[in-house]
Each structure stands twice: as structure tokens, then as C-alpha cells.
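Asker: Sharing protein.txt here; it has compact mmCIF, C-alpha atoms.
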```
# COMPACT_ATOMS: atom_id res chain seq x y z
CA MET A 179 106.11 73.06 130.59
CA LYS A 180 109.37 72.45 128.72
CA THR A 181 110.10 76.16 128.82
CA ILE A 182 109.63 76.22 132.59
CA TYR A 183 112.18 73.44 132.90
CA LYS A 184 114.55 75.37 130.66
CA ILE A 185 114.19 78.54 132.70
CA LYS A 186 114.82 76.55 135.86
CA ALA A 187 117.85 74.90 134.27
CA VAL A 188 119.30 78.25 133.24
CA LEU A 189 118.76 79.73 136.68
CA ALA A 190 120.27 76.63 138.28
CA LEU A 191 123.32 76.92 136.07
CA ALA A 192 123.64 80.61 136.84
CA ILE A 193 123.41 79.97 140.58
CA CYS A 194 125.93 77.15 140.31
CA ALA A 195 128.25 79.48 138.47
CA MET A 196 127.76 82.06 141.19
CA PHE A 197 128.78 79.71 144.03
CA THR A 198 131.31 77.43 142.37
CA MET A 199 133.26 79.98 140.39
CA PRO A 200 133.79 83.00 142.60
CA ASP A 201 137.26 83.52 141.20
CA VAL A 202 135.95 83.64 137.68
CA ALA A 203 133.20 86.03 138.65
CA LYS A 204 135.69 88.15 140.51
CA ALA A 205 137.88 88.15 137.42
CA GLN A 206 134.95 89.52 135.39
CA ILE A 207 134.55 92.43 137.75
CA THR A 208 138.26 93.04 137.77
CA ASP A 209 138.14 93.10 133.98
CA ASN A 210 135.06 95.34 133.99
CA GLY A 211 132.97 92.69 132.33
CA TYR A 212 129.29 92.10 133.03
CA LEU A 213 126.59 89.59 132.17
CA ASP A 214 122.87 89.86 132.91
CA VAL A 215 120.79 86.68 132.70
CA ASP A 216 117.09 87.47 133.04
CA TRP A 217 113.61 86.10 132.91
CA GLN A 218 111.61 88.37 130.59
CA PHE A 219 107.96 89.34 130.81
CA ASN A 220 106.82 90.77 127.48
CA ILE A 221 103.72 92.80 126.61
CA PRO A 222 103.06 93.31 122.88
CA VAL A 223 101.45 96.70 122.32
CA ASN A 224 98.94 97.17 119.54
CA THR A 225 100.45 94.53 117.29
CA LYS A 226 96.96 93.18 116.59
CA PHE A 227 98.30 89.64 116.82
CA ALA A 228 98.93 87.59 119.99
CA ASP A 229 98.68 90.73 122.08
CA LYS A 230 98.40 88.84 125.36
CA ALA A 231 101.19 89.53 127.88
CA ALA A 232 103.34 86.55 128.84
CA GLY A 233 106.44 85.57 130.72
CA TRP A 234 107.73 83.03 128.21
CA GLY A 235 111.06 84.65 127.55
CA MET A 236 114.61 85.24 128.60
CA ALA A 237 117.25 87.93 128.05
CA PHE A 238 121.03 87.84 127.99
CA ASP A 239 123.12 90.99 127.93
CA GLY A 240 126.88 90.92 128.37
CA GLY A 241 129.63 93.43 127.84
CA TYR A 242 132.55 95.42 129.09
CA TYR A 243 132.80 98.77 130.86
CA ILE A 244 135.20 100.84 128.81
CA THR A 245 135.00 103.60 131.43
CA ASP A 246 133.59 103.55 134.96
CA ASN A 247 130.22 104.57 133.56
CA VAL A 248 130.01 103.41 129.94
CA GLY A 249 129.71 99.79 128.89
CA VAL A 250 129.35 98.18 125.47
CA GLY A 251 128.44 94.61 124.62
CA ALA A 252 126.02 92.27 122.96
CA PHE A 253 122.59 90.93 123.76
CA LEU A 254 120.12 88.22 122.82
CA THR A 255 116.53 87.93 124.03
CA TYR A 256 113.53 85.85 123.11
CA SER A 257 109.88 85.77 124.00
CA THR A 258 106.66 84.04 123.01
CA ASN A 259 103.17 85.49 123.29
CA ASN A 260 100.11 83.34 122.68
CA GLU A 261 96.44 84.25 122.46
CA TYR A 262 93.30 82.16 121.97
CA ILE A 263 90.85 83.50 119.39
CA GLU A 264 87.23 82.43 119.66
CA LYS A 265 85.49 80.74 116.73
CA GLN A 266 84.70 83.23 113.99
CA THR A 267 84.21 83.46 110.23
CA LEU A 268 87.09 85.12 108.40
CA ALA A 269 86.79 86.58 104.90
CA LEU A 270 90.00 85.25 103.34
CA SER A 271 89.26 86.93 100.04
CA GLU A 272 86.35 88.54 98.23
CA THR A 273 84.81 85.12 97.69
CA SER A 274 86.30 82.72 100.22
CA ALA A 275 85.55 82.35 103.93
CA LEU A 276 86.89 80.22 106.75
CA THR A 277 85.22 79.45 110.07
CA THR A 278 87.35 78.24 112.96
CA ASP A 279 88.77 79.08 116.36
CA GLN A 280 92.48 79.73 116.59
CA GLN A 281 95.55 79.91 118.75
CA HIS A 282 97.78 82.81 117.76
CA SER A 283 101.45 82.65 118.60
CA MET A 284 104.19 85.23 118.15
CA PHE A 285 107.84 84.40 118.73
CA GLN A 286 110.47 87.16 118.78
CA LEU A 287 114.23 86.73 118.92
CA PRO A 288 116.22 89.98 118.74
CA PHE A 289 119.99 90.16 119.07
CA GLY A 290 122.71 92.71 118.46
CA VAL A 291 124.90 95.22 120.22
CA SER A 292 124.18 97.17 123.38
CA ALA A 293 125.58 100.17 125.16
CA ARG A 294 124.83 101.29 128.70
CA TYR A 295 125.52 104.14 131.02
CA ARG A 296 125.56 103.39 134.75
CA PHE A 297 125.03 106.32 137.02
CA ILE A 298 126.76 105.29 140.29
CA PRO A 299 129.42 102.68 139.47
CA GLU A 300 130.62 102.03 143.00
CA ALA A 301 127.24 101.79 144.74
CA ILE A 302 125.57 98.58 145.87
CA ALA A 303 122.60 99.55 143.67
CA THR A 304 123.80 100.71 140.28
CA PRO A 305 121.05 102.12 138.08
CA TYR A 306 121.76 102.39 134.39
CA PHE A 307 120.24 103.30 131.05
CA SER A 308 120.99 101.16 128.02
CA LEU A 309 120.20 101.08 124.35
CA LYS A 310 120.11 97.90 122.33
CA LEU A 311 120.32 97.87 118.53
CA GLY A 312 120.25 94.89 116.24
CA ALA A 313 118.19 92.51 114.16
CA GLU A 314 115.04 90.69 115.12
CA TYR A 315 113.80 87.36 113.86
CA SER A 316 110.07 86.88 114.36
CA LYS A 317 107.61 84.14 113.57
CA ILE A 318 103.86 84.53 113.79
CA SER A 319 101.63 81.49 113.58
CA THR A 320 97.96 80.74 113.76
CA TYR A 321 96.94 77.23 114.73
CA TYR A 322 93.45 76.00 113.86
CA ASN A 323 92.32 72.41 114.35
CA SER A 324 95.19 70.40 112.87
CA PHE A 325 96.40 73.17 110.58
CA VAL A 326 98.91 75.97 111.00
CA SER A 327 99.71 79.07 108.95
CA THR A 328 103.07 80.68 109.66
CA ASP A 329 105.07 83.65 108.49
CA GLU A 330 108.67 84.46 109.41
CA ALA A 331 110.28 87.88 109.15
CA TRP A 332 113.44 89.82 109.89
CA GLY A 333 113.64 93.44 110.91
CA PHE A 334 115.65 96.16 112.61
CA TYR A 335 115.43 96.21 116.41
CA LEU A 336 115.70 99.11 118.86
CA CYS A 337 115.29 98.83 122.63
CA PRO A 338 115.88 101.47 125.28
CA GLU A 339 116.07 99.97 128.75
CA PHE A 340 116.28 101.37 132.25
CA GLY A 341 117.44 99.08 135.02
CA THR A 342 119.50 98.54 138.08
CA THR A 343 121.67 95.89 139.62
CA ILE A 344 121.57 95.45 143.38
CA TYR A 345 124.73 93.64 144.33
CA PHE A 346 124.70 91.16 147.19
CA THR A 347 128.23 92.05 148.24
CA SER A 348 130.41 95.12 148.06
CA SER A 349 132.74 93.28 145.70
CA HIS A 350 130.02 93.36 143.00
CA THR A 351 130.46 89.65 142.34
CA VAL A 352 126.80 88.94 141.69
CA GLY A 353 123.59 90.87 142.11
CA LEU A 354 119.89 91.03 141.48
CA HIS A 355 119.13 92.59 138.12
CA MET A 356 115.87 94.41 137.29
CA ALA A 357 114.98 96.38 134.19
CA ILE A 358 112.04 97.79 132.30
CA TYR A 359 112.16 98.22 128.56
CA TYR A 360 110.41 99.33 125.43
CA ALA A 361 111.27 97.61 122.18
CA TYR A 362 110.40 98.28 118.58
CA ALA A 363 111.14 96.07 115.59
CA THR A 364 110.36 96.82 111.96
CA ASN A 365 109.25 93.25 111.17
CA LYS A 366 106.29 92.85 108.82
CA SER A 367 104.32 89.62 108.64
CA SER A 368 101.06 88.32 107.32
CA VAL A 369 99.07 85.16 108.01
CA MET A 370 95.51 84.54 106.91
CA VAL A 371 93.73 87.88 107.31
CA TYR A 372 96.19 89.23 109.88
CA ASP A 373 98.85 91.77 108.98
CA VAL A 374 101.56 92.77 111.44
CA ASN A 375 103.40 95.95 110.56
CA GLY A 376 106.05 96.65 113.17
CA LEU A 377 106.30 95.15 116.64
CA ASN A 378 105.95 97.31 119.74
CA ASN A 379 106.71 95.72 123.09
CA LEU A 380 106.88 96.75 126.71
CA GLY A 381 108.13 94.58 129.53
CA PHE A 382 110.44 93.91 132.36
CA ARG A 383 113.46 91.71 133.00
CA LEU A 384 114.37 90.10 136.28
CA GLY A 385 117.41 87.97 136.95
CA LEU A 386 121.00 87.85 138.04
CA SER A 387 123.89 90.07 137.11
CA PHE A 388 127.47 88.82 137.18
CA MET B 128 142.22 80.35 130.93
CA LYS B 129 139.74 81.81 133.39
CA ARG B 130 138.37 84.09 130.71
CA LEU B 131 137.98 81.17 128.34
CA THR B 132 136.14 79.19 131.02
CA THR B 133 133.87 82.13 131.71
CA LEU B 134 133.15 82.59 128.02
CA LEU B 135 132.36 78.90 127.60
CA MET B 136 130.04 79.02 130.62
CA MET B 137 128.19 81.99 129.12
CA VAL B 138 127.88 80.28 125.74
CA ALA B 139 126.63 77.08 127.41
CA VAL B 140 124.01 78.95 129.44
CA ILE B 141 122.77 80.92 126.44
CA ALA B 142 122.76 77.88 124.16
CA LEU B 143 120.81 75.85 126.71
CA ALA B 144 118.22 78.58 127.07
CA THR B 145 117.69 79.33 123.40
CA VAL B 146 117.40 75.81 122.00
CA SER B 147 113.73 75.22 121.19
CA CYS B 148 112.87 78.33 123.14
CA GLN B 149 109.50 78.99 121.53
CA LYS B 150 106.55 78.19 123.80
CA ASP B 151 103.75 76.34 122.01
CA PRO B 152 100.21 77.56 122.68
CA ASP B 153 97.76 75.39 124.58
CA PHE B 154 96.29 73.21 121.84
CA ASP B 155 93.80 71.69 124.28
CA GLU B 156 92.07 75.07 124.31
CA LEU B 157 91.12 74.64 120.64
CA THR B 158 87.72 73.13 119.99
CA SER B 159 87.51 69.83 118.14
CA GLU B 160 85.09 71.31 115.61
CA PHE B 161 86.18 70.96 112.00
CA VAL B 162 87.42 73.94 110.06
CA THR B 163 84.91 75.11 107.43
CA TYR B 164 86.14 76.71 104.21
CA THR B 165 84.01 77.92 101.29
CA ASP B 166 84.65 79.70 98.00
CA TYR B 167 82.42 80.65 95.08
CA ASP B 168 82.21 82.17 91.64
CA LYS B 169 81.07 85.74 92.17
CA SER B 170 79.97 86.12 88.54
CA VAL B 171 77.19 83.59 89.04
CA ASP B 172 73.66 84.53 90.02
CA PHE B 173 72.66 81.72 92.34
CA SER B 174 69.02 82.79 92.22
CA SER B 175 68.89 81.85 88.54
CA PHE B 176 68.97 78.13 89.37
CA SER B 177 65.95 76.11 90.40
CA THR B 178 66.84 72.45 90.68
CA PHE B 179 69.71 70.34 91.91
CA TYR B 180 70.77 66.75 91.96
CA ILE B 181 73.06 65.40 94.67
CA SER B 182 74.78 62.06 94.32
CA ASN B 183 73.65 59.46 96.84
CA THR B 184 77.22 58.35 97.45
CA ILE B 185 80.19 60.14 98.91
CA LYS B 186 83.34 59.58 96.91
CA VAL B 187 86.24 58.39 99.05
CA LEU B 188 89.48 59.68 97.60
CA SER B 189 92.66 57.86 98.45
CA SER B 190 94.91 55.87 96.15
CA LYS B 191 91.77 55.09 94.18
CA VAL B 192 88.19 56.32 94.18
CA GLY B 193 85.71 54.43 96.33
CA ASP B 194 82.10 54.90 97.38
CA TRP B 195 80.71 55.62 100.84
CA GLU B 196 76.98 55.10 100.91
CA ASP B 197 75.99 53.73 104.33
CA GLU B 198 73.65 55.36 106.85
CA ASN B 199 76.29 57.83 108.00
CA ALA B 200 76.97 58.94 104.44
CA GLN B 201 73.24 59.47 103.88
CA LYS B 202 73.05 61.69 106.98
CA ILE B 203 75.79 63.92 105.58
CA ILE B 204 74.23 64.01 102.09
CA SER B 205 70.83 64.82 103.61
CA ALA B 206 72.32 67.69 105.58
CA TYR B 207 73.61 69.21 102.35
CA ALA B 208 70.35 68.59 100.49
CA ASN B 209 68.24 70.02 103.31
CA ASN B 210 70.27 73.21 103.31
CA MET B 211 69.73 73.52 99.56
CA LYS B 212 65.99 73.00 99.94
CA ASP B 213 65.89 75.53 102.77
CA ARG B 214 67.41 78.02 100.35
CA GLY B 215 64.58 77.43 97.88
CA TYR B 216 66.02 74.86 95.45
CA ILE B 217 64.17 71.74 94.34
CA GLN B 218 65.89 68.39 94.69
CA LEU B 219 65.65 66.02 91.72
CA ASP B 220 66.03 62.29 92.08
CA GLU B 221 68.21 59.88 90.14
CA ALA B 222 65.74 59.50 87.28
CA GLU B 223 65.51 63.27 86.74
CA LYS B 224 69.14 64.26 87.16
CA ALA B 225 69.56 65.01 83.46
CA ASN B 226 67.27 68.02 83.99
CA ALA B 227 69.07 69.46 87.01
CA ASP B 228 70.49 72.98 86.94
CA LEU B 229 73.06 72.12 89.58
CA GLY B 230 74.98 68.91 90.23
CA ILE B 231 76.46 68.26 93.64
CA GLN B 232 79.09 65.76 94.63
CA LEU B 233 80.48 65.20 98.11
CA SER B 234 83.79 63.49 98.61
CA TYR B 235 85.90 62.45 101.53
CA VAL B 236 89.68 62.59 101.50
CA GLU B 237 91.46 60.05 103.65
CA ASN B 238 95.05 61.09 103.16
CA THR B 239 96.99 64.29 103.52
CA TYR B 240 98.00 65.98 100.30
CA TYR B 241 97.90 69.37 98.73
CA PHE B 242 97.16 70.85 95.37
CA THR B 243 95.98 74.12 93.93
CA ASN B 244 94.16 75.43 90.89
CA TYR B 245 92.77 72.20 89.68
CA TYR B 246 90.40 72.22 86.77
CA SER B 247 89.13 68.71 86.40
CA PRO B 248 88.10 66.72 89.43
CA TYR B 249 88.64 63.26 88.04
CA TYR B 250 85.99 61.61 90.14
CA TRP B 251 83.29 63.56 88.34
CA TYR B 252 83.84 61.35 85.33
CA ASP B 253 82.85 58.40 87.44
CA TRP B 254 79.21 59.16 87.91
CA TRP B 255 78.51 62.21 85.80
CA TRP B 256 80.45 61.65 82.64
CA GLY B 257 80.04 57.93 82.94
CA ASP B 258 76.39 58.39 82.07
CA TYR B 259 77.26 60.13 78.81
CA TYR B 260 74.77 62.93 79.24
CA TRP B 261 77.20 65.57 78.09
CA PRO B 262 80.09 63.69 76.58
CA THR B 263 81.53 66.50 74.48
CA TRP B 264 81.35 69.51 76.73
CA GLY B 265 84.89 69.41 78.03
CA PRO B 266 86.09 69.21 81.59
CA VAL B 267 84.55 70.67 84.69
CA TYR B 268 86.27 73.92 85.54
CA PRO B 269 85.90 76.63 88.15
CA SER B 270 86.29 80.27 87.15
CA TYR B 271 88.05 81.04 90.43
CA ALA B 272 91.28 79.66 91.79
CA VAL B 273 90.69 76.59 93.92
CA THR B 274 93.22 75.78 96.60
CA TYR B 275 92.67 72.84 98.89
CA SER B 276 94.78 71.60 101.72
CA TYR B 277 93.65 68.06 102.26
CA ASP B 278 94.24 66.67 105.68
CA ILE B 279 93.17 63.49 107.36
CA GLY B 280 89.41 63.72 107.46
CA SER B 281 88.42 66.33 104.89
CA LEU B 282 84.91 66.43 103.47
CA LEU B 283 84.72 68.27 100.15
CA GLY B 284 81.65 69.43 98.30
CA GLU B 285 81.50 70.74 94.75
CA MET B 286 78.48 72.44 93.29
CA ILE B 287 78.51 72.30 89.49
CA TRP B 288 76.46 74.51 87.21
CA ILE B 289 75.28 72.48 84.23
CA ASP B 290 75.41 75.28 81.70
CA ARG B 291 73.37 73.95 78.80
CA THR B 292 73.60 77.18 76.80
CA ASN B 293 77.38 77.06 76.58
CA GLU B 294 77.61 73.31 77.03
CA LYS B 295 79.92 73.63 80.03
CA LEU B 296 80.13 72.12 83.48
CA LYS B 297 81.21 74.95 85.73
CA GLN B 298 82.17 74.70 89.39
CA ILE B 299 80.48 77.58 91.17
CA TRP B 300 80.70 76.77 94.89
CA SER B 301 82.99 74.57 96.92
CA LEU B 302 83.23 73.70 100.55
CA CYS B 303 85.87 71.95 102.60
CA VAL B 304 85.14 70.72 106.11
CA GLY B 305 88.24 69.25 107.66
CA GLY B 306 90.30 68.49 110.68
CA THR B 307 91.54 65.82 112.99
CA MET B 308 89.24 62.84 113.26
CA SER B 309 88.15 61.94 116.78
CA GLY B 310 88.04 58.18 116.31
CA SER B 311 84.30 58.16 117.01
CA THR B 312 82.35 57.80 113.76
CA ARG B 313 79.19 59.16 115.35
CA TYR B 314 80.96 62.27 116.62
CA ASP B 315 82.83 62.82 113.35
CA VAL B 316 79.62 62.55 111.32
CA GLN B 317 77.94 65.07 113.62
CA ASN B 318 80.94 67.32 113.26
CA ALA B 319 80.80 67.01 109.46
CA ILE B 320 77.09 67.88 109.45
CA LYS B 321 77.80 70.87 111.66
CA GLY B 322 80.48 71.90 109.17
CA ILE B 323 78.07 71.65 106.21
CA ASN B 324 75.51 73.76 108.05
CA GLN B 325 78.24 76.31 108.79
CA ALA B 326 79.29 76.32 105.11
CA PHE B 327 75.77 77.37 104.10
CA LYS B 328 75.55 79.85 106.96
CA GLN B 329 78.66 81.65 105.75
CA SER B 330 77.37 81.57 102.15
CA PRO B 331 74.16 83.65 102.18
CA TYR B 332 74.48 84.27 98.43
CA ILE B 333 73.24 80.70 97.80
CA LYS B 334 69.58 81.46 97.56
CA LYS B 335 66.83 80.91 95.03
```
Go through the file and emit its structure as C-alpha cells.
Answerer:
Amino acid sequence: MKTIYKIKAVLALAICAMFTMPDVAKAQITDNGYLDVDWQFNIPVNTKFADKAAGWGMAFDGGYYITDNVGVGAFLTYSTNNEYIEKQTLALSETSALTTDQQHSMFQLPFGVSARYRFIPEAIATPYFSLKLGAEYSKISTYYNSFVSTDEAWGFYLCPEFGTTIYFTSSHTVGLHMAIYYAYATNKSSVMVYDVNGLNNLGFRLGLSF
Amino acid sequence: MKRLTTLLMMVAVIALATVSCQKDPDFDELTSEFVTYTDYDKSVDFSSFSTFYISNTIKVLSSKVGDWEDENAQKIISAYANNMKDRGYIQLDEAEKANADLGIQLSYVENTYYFTNYYSPYYWYDWWWGDYYWPTWGPVYPSYAVTYSYDIGSLLGEMIWIDRTNEKLKQIWSLCVGGTMSGSTRYDVQNAIKGINQAFKQSPYIKK
């Protein structure tokens, strides 16, 4: 519930910025700057831990167009995926066993640099392809009764993304931003009997572009 | 100035969104059943034992050792004993405990604390060593690493092999049934019994 409030707060701030600071936004366009603020829906693929798709995430990608088509910048995204695991007996070692149900949780927070190529700079709808490179912090946790086992990891992050911004006005002050992405991170983690070796994700981002 | 304002706005938006941004799972979805953990010494042939003695009190471990021996304690002890009898072992009473192959002690931990690889459960001295049956054999020890995470409401059970040949007391099976207490003694006792039954279910090697 807290996250919902946070998403609403961010969107409210973004909308306020859109209506109360048109000059600033205009200045960004004049300076070839851009900022995408998105809600993120993330689908872990074959991670074998908290594989359930969820919309508990956001993405921020800002930068500067060094030519009409090519932009470079920085990004930060985060997402959480949770999955309930029915009661089962786990062989923790050759001799030990544990019986419990669990809640698995995987939190990912990648950040780094991004580059994009937009195909039709002057159009109302400007599709683009971008590549994000950076580091990813991840934390996987399993909750059982009043206990929790957690492992944190860092890894290299790579994310190709295809998206478009549909501007509300011809001045490109603010627009609707949509993107689909694939992301891979080299993070390795282990909790209980679960080993995660690399994180594959698919998803989409939906928000505003300034 | 406008650029600085824009930058500060961006930083504020991002900072607001990323603070405590991890979404907790729905803990209400978890059952209230206790977690059941077991471990054993794989070098031991459990079918080689015939008799066992189980203490008629549950040791309560907090700042000092106490005894829990009311009706609820007896239900939990009986659940353990019945599982042992179902597996083919013969229960000996107080007067015969000196002849038992296996000694069993249940204990209940009230507080949260952690330790690993312990080799001498001190409360064993209270009823076992206190009787001076085997005063010179040395401490109880397991041949496998024991790691417990004690939380509020943890029921522990140690099965000790009374090795008369080598004059050793050897821990060969341990269980830990733990979790958040409900506040209802009746429900918690039922939950503990369910945990003991589960401990035996996941330990098929305990069989005469």
C-alpha cells in the first residue's frame, strides 16, 4: 500500500511539474534534455525465484540529445517481485530438513548510463531504441513464519529497450512515454536451497516524458 | 537558475520514489503453522536401538532453566513418545531409564537468541547428569554441526544415544519447532504437536 502511495506521489509531482513549470520544461527541450518517469511492470524470466510478474516498480531515464537522433544519459529503475510458496519440506543439507511455507521476494535496483537513438525527432510520436548499461543491486529474501533469510548481490546490468514518446503538443513539452524492455543482470544469490544465477527480466514502462 | 531548479526537481522526484521502494510480500498469506527443522547423525543406525526414555518435563530455557510439566506439556511429550512407539521403539519409565538406549529431552525457548555448533547442552546436566548414572563419560556432543536460531516460541528436542560401549552421550537427532506464538495456549500446543508429528514425518530414518 505504501508503494501505491509513493507511485501516486511521484506521478502527482510529475504532473505538477508539467503544469506549473512550463518554462522549465520548455528550457529542457530547447537544451535537448529529456527525462522519462515511468511505472514499471516487470516479469522475471526463469530466475527460479519470485518469478511472478508484478507492477511494483518505477524507472527514471534522463539525458541529453547530442544530435537530433542520438541521446546519452543516466537511468535508475527498481522493481519488486513476490511469490507465495506452498508448504513443503526442503532438504537443507544431506541430513537436515525444514518444513514451512514461504513468501519469496526479489528486489532489483539497476542504475547506470544509457544511450538512445530516436528515429523521427520532429514527429509527435518519436520511437526510439535505447541501451542501458550499469550495475545492479539485488536482494532476494524468503520469509517463513517469523523468520527471514536474505542474500544481497551486485552485478553487471544490460538492458535494450524499445519505446516511443507521444507528445501532447507540437512543442514537445511533455508526452506519454511507453517502452518494452529486456534486461539481464549477472547477479548471483543464494538463500536456503535456492540459487539464482543471473537475472533475466522482461517488462514494460509507462509514464511521462519531459 | 532554471537548469538548477529542473535538476533539483528531478532529484527530488527520484529520491521520493526510491526511498524504501521495496514492496514487502503479503505476510498474511503465510500460514501460522510453526516451522519444523530436523537434523541427524547419518553415521548412526537408528534401527540398532530398542528403548527410549523421555523426560516428563519440558525444560524452559530463559535466563535460567525451569520446568514445564502441566497438562499441556504432557500432551507435547506424549506426541513425541507416541511417534517413537509408532516407529517401533519401547518407552521406559522413570525407574528403568538407566537401561534406555536413547534419552530424549524436550525444551522450550522463551527468548530470541542464536548460537551454532554447541557441544554441551547445559540443561542435560540437570536431570541426566544430576542422577550420576554416567558421571565420567564427558559431555554430550553431536557428531554433526548444530545450528539453532531460537525465536520466541521454539520447541527443541534432542535425542541422545547412550553409548555404553564407548561411554559417550551422543546427540543423534534434533528437532526445532518454532515461530510466532498466537497468544492462545491451546492453539500453540496444537501447533507444537503438529510440528513434532511433521518432524517425524520428514525423518523416515528413525525406525526400529
Asker: Can you measure CA of Ser330 (chain B) to CA of Phe154 (chain B) for me? One decimal in Å is fine.
Answerer: 28.6 Å
Asker: Within 7 Å of chain A, which residues of chain B come that close, and what is the closest atom pair and distance in Å for each? Count all atoms listed in the file and give it as a tab-separated table.
Answerer:
```
residue	atom	partner	partner_atom	distance
B:Lys129	CA	A:Val202	CA	6.0
B:Thr133	CA	A:Val202	CA	6.5
B:Val140	CA	A:Val188	CA	6.1
B:Ala144	CA	A:Lys184	CA	6.1
B:Cys148	CA	A:Thr181	CA	6.7
B:Gln149	CA	A:Thr258	CA	6.0
B:Lys150	CA	A:Thr258	CA	5.9
B:Pro152	CA	A:Asn260	CA	5.8
B:Leu157	CA	A:Asp279	CA	6.6
B:Ser159	CA	A:Asn323	CA	6.6
B:Phe161	CA	A:Asn323	CA	6.7
B:Val162	CA	A:Thr278	CA	5.2
B:Thr163	CA	A:Thr277	CA	5.1
B:Tyr164	CA	A:Leu276	CA	4.4
B:Thr165	CA	A:Ala275	CA	5.4
B:Asp166	CA	A:Ser274	CA	4.1
B:Tyr167	CA	A:Thr273	CA	5.7
B:Lys169	CA	A:Thr273	CA	6.7
B:Gly306	CA	A:Ser324	CA	5.7
B:Thr307	CA	A:Ser324	CA	5.9
```
Asker: Which neighbours of Phe173 (chain B) fall inside 8 Å, counting only C-alpha atoms, when residues of the same chain fewer than 6 positions from it are skipped, and could you give them as a ChimeraX atom specification?
Answerer: /B:332-335
Asker: Check the smallest atom-to-atom distance from each of A:Tyr306, A:Gly381, A:Thr347, A:Ser387 to Asn220 (chain A) using only C-alpha atoms, then report the winner.
Answerer: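 Among the listed residues, the smallest separation from Asn220 (chain A) belongs to A:Gly381.
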Asker: Between CA of Leu188 (chain B) and CA of Gln201 (chain B), what is the distance in Å, rounded to a tenth?
Answerer: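 CA of Gln201 (chain B) lies 17.4 Å from CA of Leu188 (chain B).
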Asker: With distances taken over all atoms listed in the file, which residue among A:Phe289, A:Phe219, A:Tyr242, A:Gly211 lies nearest Leu380 (chain A)?
Answerer: A:Phe219
Asker: Measuring between all atoms listed in the file, which one of A:Trp332, A:Phe307, A:Tyr359, A:Tyr212 shows the shortest distance to Phe382 (chain A)?
Answerer: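 Checking each candidate against Phe382 (chain A), we get A:Tyr359 as the closest.
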Asker: Calculate, to one decimal in Å, the centre and edge lengths of the box along x, y and z of the file that holds all listed atoms of region 340-359 of chain A with 6 Å of margin on each side, and present them as JSON.
Answerer:
```
{"center_x": 122.4, "center_y": 95.2, "center_z": 138.4, "size_x": 32.7, "size_y": 24.4, "size_z": 31.7}
```
Asker: One decimal, Å: what's the distance from CA of Leu354 (chain A) over to CA of Leu384 (chain A), could you say?
Answerer: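 Calculated distance between CA of Leu354 (chain A) and CA of Leu384 (chain A) is 7.6 Å.
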Asker: Go through B:Ile231, B:Lys202, B:Gln325, B:Val316 and flag the residue nearest Ile287 (chain B), using all atoms listed in the file for the distances.
Answerer: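 Among the listed residues, B:Ile231 lies closest to Ile287 (chain B).
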Asker: Please provide the set of residues having any atom within 10 Å of Gly215 (chain B), restricted to only C-alpha atoms, with same-chain residues fewer than 4 positions apart removed, written as number ranges by chain.
Answerer: B: 174, 176-178, 209-211, 333-335
Asker: Please dump the current selection as a PDB file, in the frame of the given file; keep C-alpha atoms.
Answerer:
```pdb
ATOM      1  CA  SER B 174      69.020  82.790  92.220  1.00  0.00           C
ATOM      2  CA  PHE B 176      68.970  78.130  89.370  1.00  0.00           C
ATOM      3  CA  SER B 177      65.950  76.110  90.400  1.00  0.00           C
ATOM      4  CA  THR B 178      66.840  72.450  90.680  1.00  0.00           C
ATOM      5  CA  ASN B 209      68.240  70.020 103.310  1.00  0.00           C
ATOM      6  CA  ASN B 210      70.270  73.210 103.310  1.00  0.00           C
ATOM      7  CA  MET B 211      69.730  73.520  99.560  1.00  0.00           C
ATOM      8  CA  ILE B 333      73.240  80.700  97.800  1.00  0.00           C
ATOM      9  CA  LYS B 334      69.580  81.460  97.560  1.00  0.00           C
ATOM     10  CA  LYS B 335      66.830  80.910  95.030  1.00  0.00           C
TER      11      LYS B 335
END
```
Asker: Taking (114.6, 97.9, 112.6) as a centre in this file's frame and 10 Å as the limit, can you find every polymer residue with an atom that close, using all atoms listed in the file, and give them as a list in words?
Answerer: Leu311, Gly312, Ala313, Glu314, Trp332, Gly333, Phe334, Tyr335, Leu336, Tyr362, Ala363, Thr364, Asn365, Gly376 and Leu377 of chain A
Asker: Please tell me which residues are no farther than 10 Å from (74.6, 64.8, 94.1) in the file, counting only C-alpha atoms, and write them as a list in words.
Answerer: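 Applying the cut-off with only C-alpha atoms, one gets Phe179, Tyr180, Ile181, Ser182, Asn183, Thr184, Ile185, Ile204, Tyr207, Ala208, Gln218, Leu219, Asp220, Glu221, Lys224, Leu229, Gly230, Ile231, Gln232, Leu233, Trp254, Trp255, Gly284, Glu285, Met286 and Ile287 of chain B.
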Asker: Show me, as a list in words, the residues that have an atom within 10 Å of Asn199 (chain B) when counting only C-alpha atoms, minus same-chain residues fewer than 3 positions from it.
Answerer: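 Counting only C-alpha atoms, the residues come to Trp195, Glu196, Lys202, Ile203, Ile204, Ser205, Thr312, Arg313, Asp315, Val316 and Gln317 of chain B.
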Asker: Could you give me, as a PyMOL selection string, the residues within 7 Å of Val352 (chain A), counting all atoms listed in the file and dropping anything in the same chain fewer than 5 positions from it?
Answerer: chain A and resi 196+345-346+386-388
Asker: Between A:Ala303, A:Val371, A:Thr225, A:Gly341, which has the minimum distance to Ile358 (chain A) (counting all atoms listed in the file)?
Answerer: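 Ranked by minimum distance to Ile358 (chain A), first place goes to A:Gly341.
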